[in-house]
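**Student:** CSV, C-alpha atoms and all ligand atoms, file upload07.csv:
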chain,number,residue,atom,x,y,z
A,36,MET,CA,94.2,80.9,52.5
A,37,SER,CA,97.0,83.0,51.1
A,38,LYS,CA,97.3,84.4,47.7
A,39,THR,CA,100.1,85.9,45.7
A,40,LEU,CA,98.8,89.3,44.4
A,41,PHE,CA,100.0,90.3,40.9
A,42,THR,CA,97.6,93.2,41.2
A,43,PRO,CA,98.4,96.9,41.0
A,44,GLY,CA,97.3,97.2,44.6
A,45,PRO,CA,96.5,96.0,47.2
A,46,THR,CA,99.8,94.2,47.3
A,47,ASN,CA,100.9,91.3,49.6
A,48,VAL,CA,101.9,92.6,53.0
A,49,PRO,CA,105.3,91.4,54.1
A,50,GLN,CA,105.5,89.2,57.2
A,51,PHE,CA,107.5,91.8,59.2
A,52,VAL,CA,104.7,94.4,58.6
A,53,ARG,CA,101.9,91.9,59.4
A,54,ASP,CA,103.6,91.2,62.7
A,55,VAL,CA,103.3,94.8,63.6
A,56,LEU,CA,99.7,95.0,62.3
A,57,GLY,CA,98.7,92.3,64.7
A,58,ARG,CA,99.8,94.2,67.8
A,59,ASP,CA,97.3,95.8,70.2
A,60,LEU,CA,96.4,99.4,69.6
A,61,ILE,CA,98.1,102.4,71.0
A,62,HIS,CA,96.2,105.6,71.5
A,63,HIS,CA,96.4,108.4,69.0
A,64,ARG,CA,96.4,111.2,71.6
A,65,MET,CA,99.4,110.0,73.5
A,66,ALA,CA,103.1,110.7,73.4
A,67,ASP,CA,104.1,107.5,71.7
A,68,TYR,CA,101.8,108.2,68.8
A,69,HIS,CA,103.0,111.8,68.6
A,70,GLN,CA,106.6,110.5,68.2
A,71,LEU,CA,105.4,107.9,65.6
A,72,LEU,CA,103.7,110.5,63.5
A,73,LYS,CA,106.7,112.8,63.8
A,74,ASP,CA,109.1,110.0,62.6
A,75,ILE,CA,106.8,109.0,59.8
A,76,ASN,CA,106.6,112.6,58.6
A,77,GLU,CA,110.4,112.8,58.3
A,78,ASP,CA,110.4,109.6,56.2
A,79,LEU,CA,107.5,110.7,54.0
A,80,LYS,CA,109.3,114.0,53.3
A,81,VAL,CA,112.2,111.9,51.9
A,82,VAL,CA,109.8,109.7,49.8
A,83,PHE,CA,108.0,112.7,48.3
A,84,GLY,CA,111.1,114.8,47.9
A,85,THR,CA,109.8,117.8,49.8
A,86,LYS,CA,110.8,120.0,52.7
A,87,ASN,CA,107.2,120.4,53.8
A,88,ASP,CA,105.2,118.2,56.1
A,89,VAL,CA,103.2,115.4,54.5
A,90,LEU,CA,99.7,114.8,55.7
A,91,VAL,CA,98.7,111.3,56.7
A,92,VAL,CA,94.9,110.8,56.2
A,93,THR,CA,92.6,107.9,56.8
A,94,SER,CA,91.1,107.2,53.4
A,95,SER,CA,91.5,105.2,50.2
A,96,GLY,CA,93.1,107.0,47.3
A,97,THR,CA,89.9,108.4,45.8
A,98,GLY,CA,89.1,110.3,49.0
A,99,ALA,CA,92.6,111.9,48.9
A,100,MET,CA,91.9,112.8,45.2
A,101,GLU,CA,88.7,114.5,46.2
A,102,SER,CA,90.5,116.3,49.0
A,103,THR,CA,92.8,118.0,46.5
A,104,VAL,CA,89.8,119.4,44.6
A,105,ALA,CA,88.1,120.6,47.8
A,106,ASN,CA,91.1,122.3,49.3
A,107,PHE,CA,92.6,124.5,46.6
A,108,PHE,CA,89.8,125.9,44.6
A,109,SER,CA,86.7,128.0,44.8
A,110,GLN,CA,83.3,127.6,43.1
A,111,GLY,CA,83.5,128.2,39.4
A,112,ASP,CA,87.3,128.1,39.2
A,113,SER,CA,88.7,126.8,35.9
A,114,VAL,CA,90.9,123.7,35.9
A,115,LEU,CA,92.4,121.4,33.4
A,116,VAL,CA,92.3,117.6,33.7
A,117,ILE,CA,94.8,115.6,31.6
A,118,ASN,CA,92.9,112.3,31.1
A,119,THR,CA,94.9,109.3,30.0
A,120,GLY,CA,92.6,106.6,31.3
A,121,TRP,CA,90.2,105.5,34.0
A,122,PHE,CA,91.7,107.4,36.9
A,123,GLY,CA,92.2,110.6,34.9
A,124,LYS,CA,88.5,110.5,34.2
A,125,ARG,CA,87.8,110.2,37.9
A,126,PHE,CA,89.4,113.6,38.4
A,127,ILE,CA,87.0,115.1,35.9
A,128,GLU,CA,84.0,113.6,37.7
A,129,ILE,CA,85.2,114.9,41.1
A,130,CYS,CA,85.9,118.4,39.7
A,131,ASN,CA,82.5,118.5,38.1
A,132,ILE,CA,80.7,117.5,41.3
A,133,TYR,CA,82.5,120.4,43.1
A,134,GLY,CA,81.2,122.9,40.4
A,135,LEU,CA,84.6,123.7,38.9
A,136,ASN,CA,84.8,124.7,35.2
A,137,VAL,CA,86.6,121.7,33.8
A,138,HIS,CA,88.7,121.7,30.6
A,139,GLU,CA,89.7,118.3,29.5
A,140,LEU,CA,92.5,116.9,27.4
A,141,CYS,CA,91.6,113.2,26.7
A,142,TYR,CA,94.1,110.8,25.3
A,143,GLU,CA,93.7,107.3,23.8
A,144,TRP,CA,94.4,104.6,26.4
A,145,GLY,CA,98.0,103.4,26.2
A,146,LYS,CA,99.3,106.9,25.2
A,147,THR,CA,100.6,109.8,27.3
A,148,TYR,CA,99.6,113.4,27.0
A,149,ASN,CA,100.9,115.9,24.4
A,150,PHE,CA,102.9,118.6,26.0
A,151,HIS,CA,102.2,121.2,23.3
A,152,GLU,CA,98.4,120.7,23.7
A,153,VAL,CA,98.7,121.4,27.4
A,154,GLU,CA,100.7,124.5,26.7
A,155,GLU,CA,98.1,125.7,24.2
A,156,VAL,CA,95.2,125.2,26.6
A,157,LEU,CA,97.1,127.2,29.3
A,158,GLU,CA,97.7,130.0,26.8
A,159,GLN,CA,94.1,130.0,25.6
A,160,TYR,CA,92.7,129.9,29.1
A,161,PRO,CA,95.0,131.8,31.4
A,162,GLU,CA,92.4,131.7,34.1
A,163,ILE,CA,93.1,128.0,34.6
A,164,LYS,CA,94.1,127.6,38.3
A,165,GLY,CA,95.1,124.0,38.4
A,166,ILE,CA,96.2,121.0,36.3
A,167,PHE,CA,95.2,117.5,37.4
A,168,VAL,CA,97.2,114.6,36.1
A,169,THR,CA,97.8,110.9,36.9
A,170,TYR,CA,101.4,110.0,37.4
A,171,HIS,CA,101.0,106.3,36.7
A,172,GLU,CA,97.7,105.5,35.0
A,173,THR,CA,96.8,102.1,36.5
A,174,SER,CA,94.2,101.3,33.9
A,175,THR,CA,96.8,101.4,31.1
A,176,GLY,CA,100.3,101.2,32.7
A,177,VAL,CA,101.3,104.6,31.2
A,178,LEU,CA,103.7,106.8,33.3
A,179,ASN,CA,103.0,110.4,32.5
A,180,ASP,CA,105.9,112.8,32.8
A,181,LEU,CA,105.4,115.3,35.6
A,182,LYS,CA,108.7,117.2,35.4
A,183,SER,CA,107.8,118.9,32.1
A,184,LEU,CA,104.4,119.9,33.5
A,185,GLY,CA,106.1,121.3,36.6
A,186,GLN,CA,108.2,123.6,34.4
A,187,LEU,CA,105.0,124.9,32.8
A,188,THR,CA,103.1,125.7,36.0
A,189,ARG,CA,106.0,126.7,38.2
A,190,ASP,CA,105.8,130.5,37.3
A,191,ARG,CA,102.1,130.6,36.7
A,192,ASP,CA,99.2,131.1,39.1
A,193,CYS,CA,98.3,127.4,38.4
A,194,LEU,CA,98.8,124.4,40.6
A,195,LEU,CA,100.1,121.0,39.4
A,196,ILE,CA,98.2,118.3,41.2
A,197,ALA,CA,99.3,114.7,40.7
A,198,ASP,CA,97.6,111.4,41.5
A,199,CYS,CA,100.7,109.4,42.4
A,200,ILE,CA,98.6,106.7,44.1
A,201,SER,CA,100.0,103.8,42.2
A,202,GLY,CA,103.1,105.6,40.9
A,203,MET,CA,104.8,106.4,44.2
A,204,ILE,CA,107.8,104.4,45.4
A,205,VAL,CA,108.3,102.4,42.2
A,206,HIS,CA,109.3,105.5,40.2
A,207,GLU,CA,111.5,108.4,40.9
A,208,PHE,CA,109.6,111.4,42.3
A,209,HIS,CA,110.6,114.8,43.6
A,210,LEU,CA,107.8,117.2,44.6
A,211,ASP,CA,110.0,120.3,45.2
A,212,LYS,CA,112.5,119.8,42.4
A,213,TRP,CA,109.9,119.0,39.8
A,214,GLY,CA,107.6,121.8,40.7
A,215,VAL,CA,104.7,119.5,41.6
A,216,ASP,CA,102.3,121.4,44.0
A,217,CYS,CA,100.3,118.5,45.4
A,218,ALA,CA,100.8,114.8,45.2
A,219,VAL,CA,98.7,112.0,46.7
A,220,ALA,CA,99.6,108.4,47.3
A,221,SER,CA,98.0,105.5,49.2
A,222,SER,CA,99.2,102.8,51.5
A,223,GLN,CA,98.0,99.7,49.5
A,224,LYS,CA,100.4,100.3,46.6
A,225,GLY,CA,104.2,100.6,46.7
A,226,PHE,CA,104.1,101.1,50.5
A,227,LEU,CA,103.2,97.4,50.9
A,228,LEU,CA,100.5,98.0,53.5
A,229,PRO,CA,96.8,97.3,53.7
A,230,PRO,CA,94.4,99.9,52.2
A,231,GLY,CA,93.3,102.6,54.6
A,232,LEU,CA,95.8,105.4,54.5
A,233,SER,CA,96.6,108.1,52.0
A,234,PHE,CA,99.4,110.7,52.0
A,235,VAL,CA,99.2,114.3,50.7
A,236,ALA,CA,102.3,116.4,50.1
A,237,LEU,CA,101.9,120.1,49.3
A,238,SER,CA,104.2,122.9,48.0
A,239,ASP,CA,104.2,126.4,49.5
A,240,LYS,CA,102.2,127.5,46.5
A,241,ALA,CA,99.5,124.9,47.2
A,242,LYS,CA,99.4,126.0,50.9
A,243,LEU,CA,98.7,129.6,49.8
A,244,ALA,CA,95.9,128.3,47.5
A,245,MET,CA,94.5,126.4,50.4
A,246,GLU,CA,94.0,129.6,52.3
A,247,ARG,CA,91.9,131.1,49.5
A,248,SER,CA,89.7,128.1,48.7
A,249,ASN,CA,86.0,128.4,49.5
A,250,LEU,CA,84.7,125.0,48.5
A,251,PRO,CA,82.9,123.2,51.3
A,252,LYS,CA,84.9,120.6,53.3
A,253,TYR,CA,84.9,119.3,56.8
A,254,TYR,CA,86.7,115.9,57.2
A,255,TRP,CA,88.9,116.9,54.3
A,256,ASP,CA,89.9,120.4,55.5
A,257,TYR,CA,93.7,120.3,55.2
A,258,LYS,CA,93.9,123.3,57.6
A,259,LYS,CA,92.6,121.1,60.4
A,260,TYR,CA,95.3,118.5,59.6
A,261,PHE,CA,98.1,121.0,59.6
A,262,LYS,CA,96.8,122.6,62.9
A,263,SER,CA,96.7,119.2,64.7
A,264,PHE,CA,100.1,118.2,63.4
A,265,ASN,CA,101.8,121.6,64.1
A,266,GLU,CA,100.3,121.8,67.6
A,267,LYS,CA,100.4,118.2,68.8
A,268,TYR,CA,101.7,115.8,66.1
A,269,GLU,CA,98.2,114.4,65.8
A,270,GLN,CA,95.5,114.1,63.2
A,271,PRO,CA,92.2,115.8,63.8
A,272,PHE,CA,90.1,112.6,63.5
A,273,THR,CA,90.7,109.0,64.7
A,274,PRO,CA,93.3,107.6,62.2
A,275,ALA,CA,93.7,104.0,61.1
A,276,ILE,CA,96.2,103.6,64.0
A,277,SER,CA,97.4,100.0,63.1
A,278,ILE,CA,98.3,101.0,59.6
A,279,VAL,CA,100.1,104.1,60.8
A,280,VAL,CA,102.2,101.9,63.2
A,281,ALA,CA,102.9,99.5,60.3
A,282,LEU,CA,103.8,102.5,58.0
A,283,ARG,CA,106.8,103.2,60.1
A,284,GLU,CA,108.0,99.6,59.5
A,285,SER,CA,107.4,99.7,55.7
A,286,LEU,CA,109.0,103.1,55.4
A,287,ARG,CA,112.1,101.9,57.3
A,288,TYR,CA,112.3,98.9,55.0
A,289,LEU,CA,112.0,100.9,51.8
A,290,LEU,CA,114.4,103.7,52.9
A,291,ASP,CA,117.0,101.2,54.2
A,292,LYS,CA,116.9,99.4,50.9
A,293,GLY,CA,117.1,102.8,49.1
A,294,LEU,CA,114.4,104.2,46.9
A,295,ALA,CA,116.6,104.2,43.8
A,296,THR,CA,117.3,100.5,44.4
A,297,VAL,CA,113.5,99.8,44.7
A,298,VAL,CA,112.9,101.6,41.4
A,299,GLU,CA,115.7,99.8,39.6
A,300,GLU,CA,114.6,96.4,40.9
A,301,LYS,CA,111.0,97.0,39.7
A,302,ARG,CA,112.2,98.2,36.3
A,303,MET,CA,114.2,95.1,35.8
A,304,LEU,CA,111.3,92.9,37.0
A,305,ARG,CA,109.0,94.7,34.5
A,306,LYS,CA,111.4,94.0,31.7
A,307,TYR,CA,111.7,90.4,32.7
A,308,THR,CA,107.9,90.0,32.9
A,309,GLU,CA,107.4,91.7,29.6
A,310,GLU,CA,109.7,89.2,27.9
A,311,LYS,CA,108.0,86.2,29.6
A,312,LEU,CA,104.6,87.4,28.6
A,313,GLN,CA,105.6,88.1,25.0
A,314,ALA,CA,107.1,84.6,24.8
A,315,LEU,CA,103.7,83.2,25.7
A,316,GLY,CA,102.2,85.1,22.7
A,317,PHE,CA,100.8,88.2,24.4
A,318,LYS,CA,101.1,91.6,22.8
A,319,LEU,CA,102.4,94.4,25.0
A,320,PHE,CA,99.7,97.1,25.2
A,321,ILE,CA,102.0,100.1,25.4
A,322,GLU,CA,104.1,100.5,22.3
A,323,ASP,CA,106.5,103.2,23.5
A,324,ASP,CA,108.9,101.7,26.0
A,325,SER,CA,109.8,105.1,27.4
A,326,ILE,CA,106.3,105.6,28.9
A,327,ARG,CA,105.9,102.2,30.5
A,328,GLY,CA,105.6,102.3,34.3
A,329,ASN,CA,106.9,99.8,36.8
A,330,VAL,CA,103.6,99.0,38.5
A,331,LEU,CA,102.1,96.5,36.1
A,332,ILE,CA,102.6,94.9,32.7
A,333,PRO,CA,99.5,95.4,30.5
A,334,VAL,CA,99.1,92.8,27.7
A,335,ILE,CA,96.4,92.1,25.2
A,336,VAL,CA,94.8,88.7,25.5
A,337,PRO,CA,94.7,86.6,22.3
A,338,GLU,CA,91.3,87.1,20.6
A,339,GLU,CA,90.0,83.6,21.1
A,340,ILE,CA,90.6,83.8,24.9
A,341,ASP,CA,88.3,85.4,27.5
A,342,GLY,CA,90.7,87.2,29.9
A,343,ARG,CA,88.2,86.9,32.7
A,344,GLN,CA,88.2,83.1,32.5
A,345,LEU,CA,92.0,83.1,32.3
A,346,THR,CA,92.4,85.2,35.5
A,347,ALA,CA,89.7,83.3,37.3
A,348,MET,CA,91.3,80.0,36.5
A,349,ILE,CA,94.8,81.0,37.7
A,350,ASP,CA,93.2,82.6,40.9
A,351,GLU,CA,91.1,79.6,41.8
A,352,ARG,CA,93.6,76.8,41.0
A,353,HIS,CA,96.9,78.4,42.0
A,354,ASP,CA,96.0,81.3,44.3
A,355,PHE,CA,97.8,83.7,42.0
A,356,THR,CA,95.7,86.8,41.5
A,357,VAL,CA,96.2,88.8,38.3
A,358,ALA,CA,94.3,91.9,37.4
A,359,GLY,CA,92.2,92.1,34.2
A,360,GLY,CA,91.5,95.0,31.9
A,361,MET,CA,89.3,98.0,33.0
A,362,GLY,CA,86.5,99.6,31.0
A,363,GLU,CA,86.4,98.5,27.4
A,364,TYR,CA,89.4,96.3,28.0
A,365,ALA,CA,87.6,94.1,30.5
A,366,GLY,CA,88.2,90.5,29.4
A,367,LYS,CA,90.7,91.7,26.7
A,368,MET,CA,93.7,92.6,28.8
A,369,LEU,CA,95.8,91.3,31.6
A,370,ARG,CA,97.5,93.7,34.0
A,371,VAL,CA,100.2,91.8,35.7
A,372,GLY,CA,101.1,93.8,38.8
A,373,ILE,CA,104.6,93.7,40.2
A,374,LEU,CA,104.1,96.0,43.3
A,375,SER,CA,104.1,93.1,45.7
A,376,ASP,CA,107.6,92.0,46.9
A,377,VAL,CA,107.8,89.3,44.1
A,378,THR,CA,110.8,88.1,42.3
A,379,THR,CA,111.6,86.4,38.9
A,380,LYS,CA,110.9,83.1,40.7
A,381,GLU,CA,107.2,84.0,41.2
A,382,ILE,CA,107.0,85.5,37.7
A,383,ASP,CA,108.3,82.2,36.3
A,384,LEU,CA,105.6,80.3,38.2
A,385,LEU,CA,103.0,82.7,37.1
A,386,ALA,CA,104.1,82.3,33.4
A,387,SER,CA,103.8,78.5,33.8
A,388,TYR,CA,100.3,78.8,35.2
A,389,ILE,CA,99.2,81.1,32.4
A,390,GLU,CA,100.7,78.8,29.8
A,391,GLU,CA,98.8,75.8,31.3
A,392,SER,CA,95.5,77.7,31.4
A,393,LEU,CA,95.9,79.1,27.9
A,394,LEU,CA,96.3,75.5,26.6
A,395,GLU,CA,93.2,74.4,28.4
A,396,LEU,CA,91.1,77.4,27.3
A,401,LIG,C1,96.2,105.9,39.8
A,401,LIG,C2,95.1,105.6,40.7
A,401,LIG,N1,94.3,106.6,41.1
A,401,LIG,C3,93.3,106.4,42.0
A,401,LIG,C4,93.0,105.1,42.5
A,401,LIG,C5,91.8,105.0,43.4
A,401,LIG,O1,92.3,104.6,44.6
A,401,LIG,P1,91.3,103.9,45.7
A,401,LIG,O2,90.8,102.6,45.1
A,401,LIG,O3,92.3,103.6,46.8
A,401,LIG,O4,90.3,104.9,46.1
A,401,LIG,C6,93.8,104.1,42.1
A,401,LIG,C7,93.5,102.7,42.6
A,401,LIG,O5,93.9,101.7,42.0
A,401,LIG,C8,94.9,104.3,41.2
A,401,LIG,O6,95.7,103.3,40.8
Turn the structure described in the file into structure tokens.
Ligand SMILES: Cc1ncc(COP(=O)(O)O)c(C=O)c1O
**Tutor:**
Amino acid sequence: MSKTLFTPGPTNVPQFVRDVLGRDLIHHRMADYHQLLKDINEDLKVVFGTKNDVLVVTSSGTGAMESTVANFFSQGDSVLVINTGWFGKRFIEICNIYGLNVHELCYEWGKTYNFHEVEEVLEQYPEIKGIFVTYHETSTGVLNDLKSLGQLTRDRDCLLIADCISGMIVHEFHLDKWGVDCAVASSQKGFLLPPGLSFVALSDKAKLAMERSNLPKYYWDYKKYFKSFNEKYEQPFTPAISIVVALRESLRYLLDKGLATVVEEKRMLRKYTEEKLQALGFKLFIEDDSIRGNVLIPVIVPEEIDGRQLTAMIDERHDFTVAGGMGEYAGKMLRVGILSDVTTKEIDLLASYIEESLLEL
């Protein structure tokens, strides 16, 4: 059975990547793996826009999010979480579990943050040591501006930590230039790989904070990862070797194509999909075009329709999988993901299946 995934990750995995995934394993303590990790690191530096080495960890995105909390802070440190949806809230939950003093700025779903409010919180609480923000908020489709936040934290003793799990690849990103201190991304999104790997990029400022942190960590201790990489081009623990091997293929594909081209293609596909869905009578969830991301198109389902039934029908009859709404938008929203390598042809097909299902429902 094969399905076309219009979901904001996992995506469909291209055939040339699947061919590599099916190969027998190599060993992660041998010379060929060392070369592989070295090559991948160079490519990831380009993707993240940084001069520093990028850690490749075996985990889903949430584990990598947790690792950012555990590695830079100490018990009782104050942090600010900019919460623009489901995944922003996750940072609050993780920071609370680690005993940090959490300030929150919460925004209505479908909106971005207010820069002046962030500025005010930093003025009022100069002890804040880090800001957590979601680059692309997958529950709402909003793309939060990181560049402005970077200008705010650059000259302060405060880290900017960005969850770029869904936002990476399909939007411009420059860790060093924008003044982001830590960014995490995961394999199952724009990288077109199965779930299992996450990537963590760090600024020099973040590396200094890492030396000071006293929160407990073992598997997540970045110092272990840097030591293994610096000494041997290895990771400290057994990595998801098959996905690391496949990562080199997907990175080559993306970089050969050119990241700017990928971003532009996705932007155009988003526009195209928005128009198609509007023509079917759906209302776009995000009013402000300038904050719409290229990961998914969130639309409100007409009141008389149950979004869950709609997505189930398309999935079961046509093997086209579309994501529904999260939280209070469950059953009321469609999130049509465009991270998979899909074209307008598949979008047209999807639109016809949606139309057919709407008529029946
Ligand atoms: C923005 C964002 N953050 C965090 C996560 C959580 O990642 P995972 O499910 O890989 O743990 C996701 C997953 O969809 C996401 O889109």
**Student:** Taking only C-alpha atoms and all ligand atoms and a cut-off of 10 Å, can you tell me which residues surround ligand LIG 401 (chain A), written as a PyMOL selection string?
**Tutor:** chain A and resi 42-45+94-101+120-126+168-176+178+197-203+219-224+230-233+330
**Student:** May I have the residues within 7 Å of segment 285-287 of chain A as a list in words, using all atoms listed in the file and disregarding those fewer than 2 positions away in the same chain?
**Tutor:**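 Once the nearby chain positions are removed, what remains is Val52, Asp78, Phe226, Leu227, Ala281, Leu282, Arg283, Leu289, Leu290 and Asp291 of chain A.
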**Student:** Export, as a short mmCIF file (atom, residue, chain, number, x, y, z; two decimals), in the frame of the given file, the selected residues with C-alpha atoms.
**Tutor:**
data_model
loop_
_atom_site.label_atom_id
_atom_site.label_comp_id
_atom_site.auth_asym_id
_atom_site.auth_seq_id
_atom_site.Cartn_x
_atom_site.Cartn_y
_atom_site.Cartn_z
CA VAL A 52 104.70 94.40 58.60
CA ASP A 78 110.40 109.60 56.20
CA PHE A 226 104.10 101.10 50.50
CA LEU A 227 103.20 97.40 50.90
CA ALA A 281 102.90 99.50 60.30
CA LEU A 282 103.80 102.50 58.00
CA ARG A 283 106.80 103.20 60.10
CA LEU A 289 112.00 100.90 51.80
CA LEU A 290 114.40 103.70 52.90
CA ASP A 291 117.00 101.20 54.20
#
**Student:** Between atom CA of Ser277 of chain A and atom CA of Met36 of chain A, what is the distance, to one decimal in Å?
**Tutor:**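 Computing it gives 22.1 Å between the two atoms.
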**Student:** Rounded to one decimal, what separation in Å do you get between atom CA of Asp190 of chain A and atom CA of Asn118 of chain A?
**Tutor:** 23.2 Å
**Student:** Atom CA of Cys130 of chain A to atom CA of Glu363 of chain A: how many Å, to one decimal?
**Tutor:** 23.4 Å
**Student:** Using all atoms listed in the file, find each residue in segment 238-308 of chain A having at least one atom no more than 12 Å away from segment 366-372 of chain A; report its shortest atom-to-atom pair and that distance in Å (one decimal), rows by chain then rising number, as a tab-separated table.
**Tutor:**
residue	atom	partner	partner_atom	distance
A:Lys301	CA	A:Gly372	CA	10.4
A:Leu304	CA	A:Gly372	CA	10.4
A:Arg305	CA	A:Gly372	CA	9.0
A:Tyr307	CA	A:Val371	CA	12.0
A:Thr308	CA	A:Val371	CA	8.4
**Student:** Which one is closest to Asn87 of chain A: A:Val137, A:Ala241, A:Val298, A:Met65? Count all atoms listed in the file.
**Tutor:**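 Checking each of A:Val137, A:Ala241, A:Val298, A:Met65 against Asn87 of chain A, counting all atoms listed in the file, the winner is A:Ala241.
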**Student:** Between A:Thr188, A:Asn179, A:Thr273, A:Ser387, single out the one closest to Ser325 of chain A, counting all atoms listed in the file.
**Tutor:**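 Smallest distance to Ser325 of chain A is found for A:Asn179.
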**Student:** Determine, counting all atoms listed in the file, which protein, DNA and RNA residues have an atom within 12 Å of an atom of Lys262 of chain A; residues of the same chain fewer than 5 positions away are not included. Present the result as number ranges by chain.
**Tutor:** A: 88, 90, 256-257, 267-271
**Student:** Quick one: residues within 7 Å of segment 191-195 of chain A, only C-alpha atoms, excluding same-chain residues fewer than 5 positions away - as a ChimeraX atom specification?
**Tutor:** /A:163-167,185,215-217,241
**Student:** Kindly indicate which residue among A:Val177, A:Lys311, A:Gly214, A:Val104 lies nearest to Glu128 of chain A, using only C-alpha atoms for the distances.
**Tutor:**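 Ranked by minimum distance to Glu128 of chain A, first place goes to A:Val104.
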**Student:** For segment 316-332 of chain A, where the input has fewer atoms than it should, I would like N, CA and C atoms rebuilt and written as a PDB file, in the frame of the given file.
**Tutor:**
ATOM      1  N   GLY A 316     103.056  84.642  23.821  1.00  0.00           N
ATOM      2  CA  GLY A 316     102.200  85.100  22.700  1.00  0.00           C
ATOM      3  C   GLY A 316     101.360  86.296  22.975  1.00  0.00           C
ATOM      4  N   PHE A 317     101.576  86.948  24.136  1.00  0.00           N
ATOM      5  CA  PHE A 317     100.800  88.200  24.400  1.00  0.00           C
ATOM      6  C   PHE A 317     101.460  89.373  23.760  1.00  0.00           C
ATOM      7  N   LYS A 318     100.607  90.346  23.405  1.00  0.00           N
ATOM      8  CA  LYS A 318     101.100  91.600  22.800  1.00  0.00           C
ATOM      9  C   LYS A 318     101.155  92.661  23.897  1.00  0.00           C
ATOM     10  N   LEU A 319     102.295  93.354  23.995  1.00  0.00           N
ATOM     11  CA  LEU A 319     102.400  94.400  25.000  1.00  0.00           C
ATOM     12  C   LEU A 319     101.435  95.556  24.571  1.00  0.00           C
ATOM     13  N   PHE A 320     100.687  96.089  25.544  1.00  0.00           N
ATOM     14  CA  PHE A 320      99.700  97.100  25.200  1.00  0.00           C
ATOM     15  C   PHE A 320     100.303  98.450  24.892  1.00  0.00           C
ATOM     16  N   ILE A 321     101.383  98.811  25.598  1.00  0.00           N
ATOM     17  CA  ILE A 321     102.000 100.100  25.400  1.00  0.00           C
ATOM     18  C   ILE A 321     103.175  99.958  24.398  1.00  0.00           C
ATOM     19  N   GLU A 322     103.055 100.654  23.276  1.00  0.00           N
ATOM     20  CA  GLU A 322     104.100 100.500  22.300  1.00  0.00           C
ATOM     21  C   GLU A 322     105.408 101.171  22.654  1.00  0.00           C
ATOM     22  N   ASP A 323     105.281 102.352  23.231  1.00  0.00           N
ATOM     23  CA  ASP A 323     106.500 103.200  23.500  1.00  0.00           C
ATOM     24  C   ASP A 323     107.068 102.785  24.872  1.00  0.00           C
ATOM     25  N   ASP A 324     108.232 102.161  24.802  1.00  0.00           N
ATOM     26  CA  ASP A 324     108.900 101.700  26.000  1.00  0.00           C
ATOM     27  C   ASP A 324     109.156 102.799  27.035  1.00  0.00           C
ATOM     28  N   SER A 325     109.386 104.020  26.536  1.00  0.00           N
ATOM     29  CA  SER A 325     109.800 105.100  27.400  1.00  0.00           C
ATOM     30  C   SER A 325     108.639 105.576  28.347  1.00  0.00           C
ATOM     31  N   ILE A 326     107.394 105.180  28.046  1.00  0.00           N
ATOM     32  CA  ILE A 326     106.300 105.600  28.900  1.00  0.00           C
ATOM     33  C   ILE A 326     105.695 104.431  29.713  1.00  0.00           C
ATOM     34  N   ARG A 327     106.381 103.298  29.690  1.00  0.00           N
ATOM     35  CA  ARG A 327     105.900 102.200  30.500  1.00  0.00           C
ATOM     36  C   ARG A 327     106.281 102.297  31.927  1.00  0.00           C
ATOM     37  N   GLY A 328     105.285 102.158  32.825  1.00  0.00           N
ATOM     38  CA  GLY A 328     105.600 102.300  34.300  1.00  0.00           C
ATOM     39  C   GLY A 328     105.961 100.935  34.847  1.00  0.00           C
ATOM     40  N   ASN A 329     106.419 100.985  36.104  1.00  0.00           N
ATOM     41  CA  ASN A 329     106.900  99.800  36.800  1.00  0.00           C
ATOM     42  C   ASN A 329     105.881  99.154  37.721  1.00  0.00           C
ATOM     43  N   VAL A 330     104.617  99.518  37.557  1.00  0.00           N
ATOM     44  CA  VAL A 330     103.600  99.000  38.500  1.00  0.00           C
ATOM     45  C   VAL A 330     102.998  97.698  37.952  1.00  0.00           C
ATOM     46  N   LEU A 331     102.788  97.640  36.656  1.00  0.00           N
ATOM     47  CA  LEU A 331     102.100  96.500  36.100  1.00  0.00           C
ATOM     48  C   LEU A 331     102.526  96.354  34.607  1.00  0.00           C
ATOM     49  N   ILE A 332     102.310  95.144  34.088  1.00  0.00           N
ATOM     50  CA  ILE A 332     102.600  94.900  32.700  1.00  0.00           C
ATOM     51  C   ILE A 332     101.256  94.631  31.997  1.00  0.00           C
TER      52      ILE A 332
END
